[in-house]
$ cat data_7.cif   # mmCIF, C-alpha atoms
data_final
loop_
_atom_site.label_atom_id
_atom_site.label_comp_id
_atom_site.auth_asym_id
_atom_site.auth_seq_id
_atom_site.Cartn_x
_atom_site.Cartn_y
_atom_site.Cartn_z
CA MET O 268 258.44 89.13 32.57
CA SER O 269 255.13 87.47 32.07
CA LYS O 270 253.56 87.07 28.65
CA ILE O 271 250.78 89.52 29.56
CA ALA O 272 253.22 92.23 30.70
CA THR O 273 255.34 91.76 27.58
CA THR O 274 252.27 91.97 25.36
CA LEU O 275 251.10 95.16 27.10
CA LEU O 276 254.56 96.74 26.77
CA VAL O 277 254.75 95.93 23.05
CA ALA O 278 251.22 97.28 22.52
CA ALA O 279 252.05 100.53 24.34
CA LEU O 280 255.21 101.03 22.27
CA ALA O 281 253.29 100.40 19.05
CA ILE O 282 250.60 102.93 19.96
CA THR O 283 253.23 105.54 20.88
CA SER O 284 255.05 104.95 17.59
CA ILE O 285 251.84 105.26 15.55
CA ALA O 286 250.79 108.45 17.38
CA GLY O 287 254.21 110.02 16.81
CA THR O 288 254.11 109.16 13.10
CA ALA O 289 250.62 110.63 12.76
CA GLN O 290 251.75 113.83 14.49
CA ALA O 291 254.78 114.11 12.20
CA GLN O 292 252.60 113.51 9.13
CA LYS O 293 250.22 116.24 10.28
CA TYR O 294 253.02 118.78 10.40
CA ASP O 295 254.50 117.56 7.12
CA ARG O 296 251.19 118.08 5.31
CA GLN O 297 250.78 121.57 6.79
CA SER O 298 254.30 122.70 6.04
CA LYS O 299 254.82 121.48 2.46
CA VAL O 300 255.45 124.21 -0.05
CA PRO O 301 254.11 123.55 -3.57
CA GLY O 302 257.00 122.59 -5.83
CA ALA O 303 259.40 121.98 -2.94
CA GLU O 304 261.19 118.65 -2.83
CA GLU O 305 261.20 118.35 0.96
CA PRO O 306 258.71 119.72 3.46
CA LEU O 307 259.73 122.67 5.55
CA THR O 308 260.28 122.12 9.24
CA TYR O 309 257.21 123.06 11.25
CA VAL O 310 257.90 126.16 13.31
CA PRO O 311 255.01 127.51 15.36
CA LYS O 312 254.43 131.25 15.21
CA PRO O 313 255.70 133.09 18.27
CA THR O 314 253.08 134.29 20.66
CA ARG O 315 252.39 137.96 20.15
CA ASN O 316 251.55 140.26 22.99
CA ALA O 317 248.26 142.12 23.23
CA TYR O 318 249.83 145.40 22.13
CA GLU O 319 251.07 143.88 18.85
CA GLN O 320 247.64 142.36 18.25
CA CYS O 321 246.10 145.77 18.89
CA LEU O 322 248.32 147.36 16.23
CA ASP O 323 247.08 144.82 13.65
CA VAL O 324 243.85 146.83 13.34
CA LEU O 325 245.80 149.81 12.04
CA GLY O 326 247.76 147.98 9.36
CA PRO O 327 245.11 147.69 6.63
CA LEU O 328 243.67 151.22 6.96
CA ARG O 329 243.32 153.17 3.72
CA THR O 330 244.66 156.67 3.27
CA PHE O 331 242.14 159.52 3.27
CA ASP O 332 242.62 163.14 2.25
CA LYS O 333 241.34 166.29 3.95
CA ALA O 334 238.43 166.73 1.53
CA SER O 335 237.04 163.25 2.18
CA ILE O 336 237.27 163.79 5.94
CA LEU O 337 235.50 167.13 5.79
CA ALA O 338 232.80 165.63 3.53
CA ALA O 339 232.15 162.70 5.88
CA GLY O 340 229.16 164.38 7.53
CA GLY O 341 225.77 162.70 7.66
CA LYS O 342 227.17 159.25 8.37
CA THR O 343 227.01 157.24 11.55
CA VAL O 344 230.13 157.83 13.66
CA GLN O 345 231.57 154.95 15.66
CA LEU O 346 234.47 155.40 18.07
CA ARG O 347 236.66 152.36 18.52
CA PRO O 348 238.99 152.53 21.54
CA LEU O 349 242.23 150.63 20.97
CA CYS O 350 244.59 149.30 23.61
CA GLU O 351 242.73 150.89 26.49
CA ARG O 352 240.82 148.26 28.44
CA ASP O 353 242.39 144.83 28.42
CA PHE O 354 245.95 145.72 29.30
CA ALA O 355 248.21 148.55 30.28
CA VAL O 356 250.20 150.08 27.46
CA ASP O 357 253.82 150.77 28.20
CA PRO O 358 254.26 154.56 27.77
CA ARG O 359 257.29 153.88 25.55
CA GLN O 360 255.02 152.03 23.11
CA THR O 361 252.40 154.77 22.97
CA ALA O 362 254.42 156.78 20.44
CA THR O 363 254.31 153.81 18.07
CA LEU O 364 250.57 153.54 18.54
CA PHE O 365 249.98 157.13 17.43
CA THR O 366 252.29 156.92 14.43
CA SER O 367 250.97 153.56 13.20
CA GLY O 368 247.58 154.87 12.13
CA ASN O 369 246.56 156.81 9.04
CA VAL O 370 245.85 160.23 10.57
CA ASP O 371 249.27 161.90 10.81
CA GLY O 372 248.65 165.46 9.70
CA LEU O 373 244.86 164.94 9.65
CA ARG O 374 243.88 165.16 13.32
CA ALA O 375 243.04 168.88 13.10
CA THR O 376 240.99 168.24 9.93
CA ILE O 377 239.02 165.49 11.68
CA TRP O 378 238.37 167.90 14.55
CA LYS O 379 237.12 170.54 12.05
CA ASN O 380 234.33 168.19 10.92
CA PRO O 381 231.53 169.17 13.35
CA GLN O 382 229.92 165.73 13.44
CA LEU O 383 233.19 163.89 14.07
CA ALA O 384 234.31 166.44 16.67
CA ALA O 385 230.97 166.18 18.49
CA ALA O 386 231.23 162.39 18.69
CA LEU O 387 234.79 162.61 20.01
CA ALA O 388 233.94 165.32 22.54
CA ALA O 389 230.86 163.43 23.76
CA ALA O 390 233.11 160.50 24.68
CA GLN O 391 235.70 162.90 26.19
CA TYR O 392 238.34 162.34 23.52
CA THR O 393 240.44 165.13 22.04
CA GLN O 394 241.98 165.39 18.59
CA ASP O 395 245.25 164.21 20.13
CA ASP O 396 243.61 160.87 21.01
CA ILE O 397 242.84 159.95 17.39
CA ILE O 398 244.86 157.04 15.99
CA GLY O 399 243.09 156.12 12.75
CA ILE O 400 240.01 156.69 10.64
CA ASP O 401 238.05 154.50 8.26
CA ILE O 402 235.42 156.20 6.12
CA ARG O 403 232.86 153.72 4.82
CA SER O 404 229.74 154.23 2.73
CA GLN O 405 227.37 154.66 5.69
CA MET O 406 229.75 154.96 8.63
CA VAL O 407 232.90 156.64 9.86
CA VAL O 408 234.98 154.60 12.31
CA ILE O 409 237.49 156.55 14.37
CA MET O 410 240.14 154.58 16.28
CA VAL O 411 241.08 156.35 19.52
CA HIS O 412 243.34 155.90 22.52
CA ARG O 413 243.41 158.24 25.50
CA ARG O 414 246.90 159.61 25.80
CA THR O 415 246.40 159.98 29.52
CA LEU O 416 244.81 156.82 30.92
#

$ encode --input "data_7.cif" --output "structure tokens"
Amino acid sequence: MSKIATTLLVAALAITSIAGTAQAQKYDRQSKVPGAEEPLTYVPKPTRNAYEQCLDVLGPLRTFDKASILAAGGKTVQLRPLCERDFAVDPRQTATLFTSGNVDGLRATIWKNPQLAAALAAAQYTQDDIIGIDIRSQMVVIMVHRRTL
């Protein structure tokens, strides 16, 4: 092998070694737990499907009672469709979608509020399409999903 080829080979190996060390150090810094003696092994989070990401919206919803729903008149009403447009929901998963929200036992009460019912009806949703509700100071956000897409 010529001196130039040998030099290039050694340089390439050195660069590869340095890059690998830098990559390992990056993961070590990210995965260290305060107080731990050795860093944890870096394990990337598994890719979640669109349906699971859709359900994330429902997780942090607060609980509301019937009185607060009936008193929610006079606020702006926003309907937020979930899991309807970007992908097809497996019908077996739909049951989970409707039980993951915060409106079990409150759908009829939401429908009794004339302003909320009018907003739902105008967008051709029924009380059975309601998944969740978030009552804010100036706005009521209702999460919906058409049971029959």

$ closest_residue --input "data_7.cif" --among "O:Ile398, O:Ala390, O:Ala334, O:Leu325" --to "O:Phe365" --atoms "all atoms listed in the file"
O:Ile398

$ residues_around --input "data_7.cif" --residues "O:Ser367" --least-positions-apart "2" --cutoff "12 Å" --atoms "only C-alpha atoms" --output "PyMOL selection string"
chain O and resi 319+321-328+360-365+369-371+397-400+410

$ closest_residue --input "data_7.cif" --among "O:Ala338, O:Ala375, O:Thr343, O:Val407" --to "O:Gln394" --atoms "all atoms listed in the file"
O:Ala375

$ resolve_selection --input "data_7.cif" --expression "the PyMOL selection byres ((chain O and resi 396) around 7)" --output "list in words"
Tyr392, Thr393, Gln394, Asp395, Ile397, Ile398, Val411, His412, Arg413 and Arg414 of chain O

$ atom_distance --input "data_7.cif" --atom1 "atom CA of O:Leu373" --atom2 "atom CA of O:Gly340"
15.9 Å

$ atom_distance --input "data_7.cif" --atom1 "atom CA of O:Leu337" --atom2 "atom CA of O:Arg403"
13.7 Å
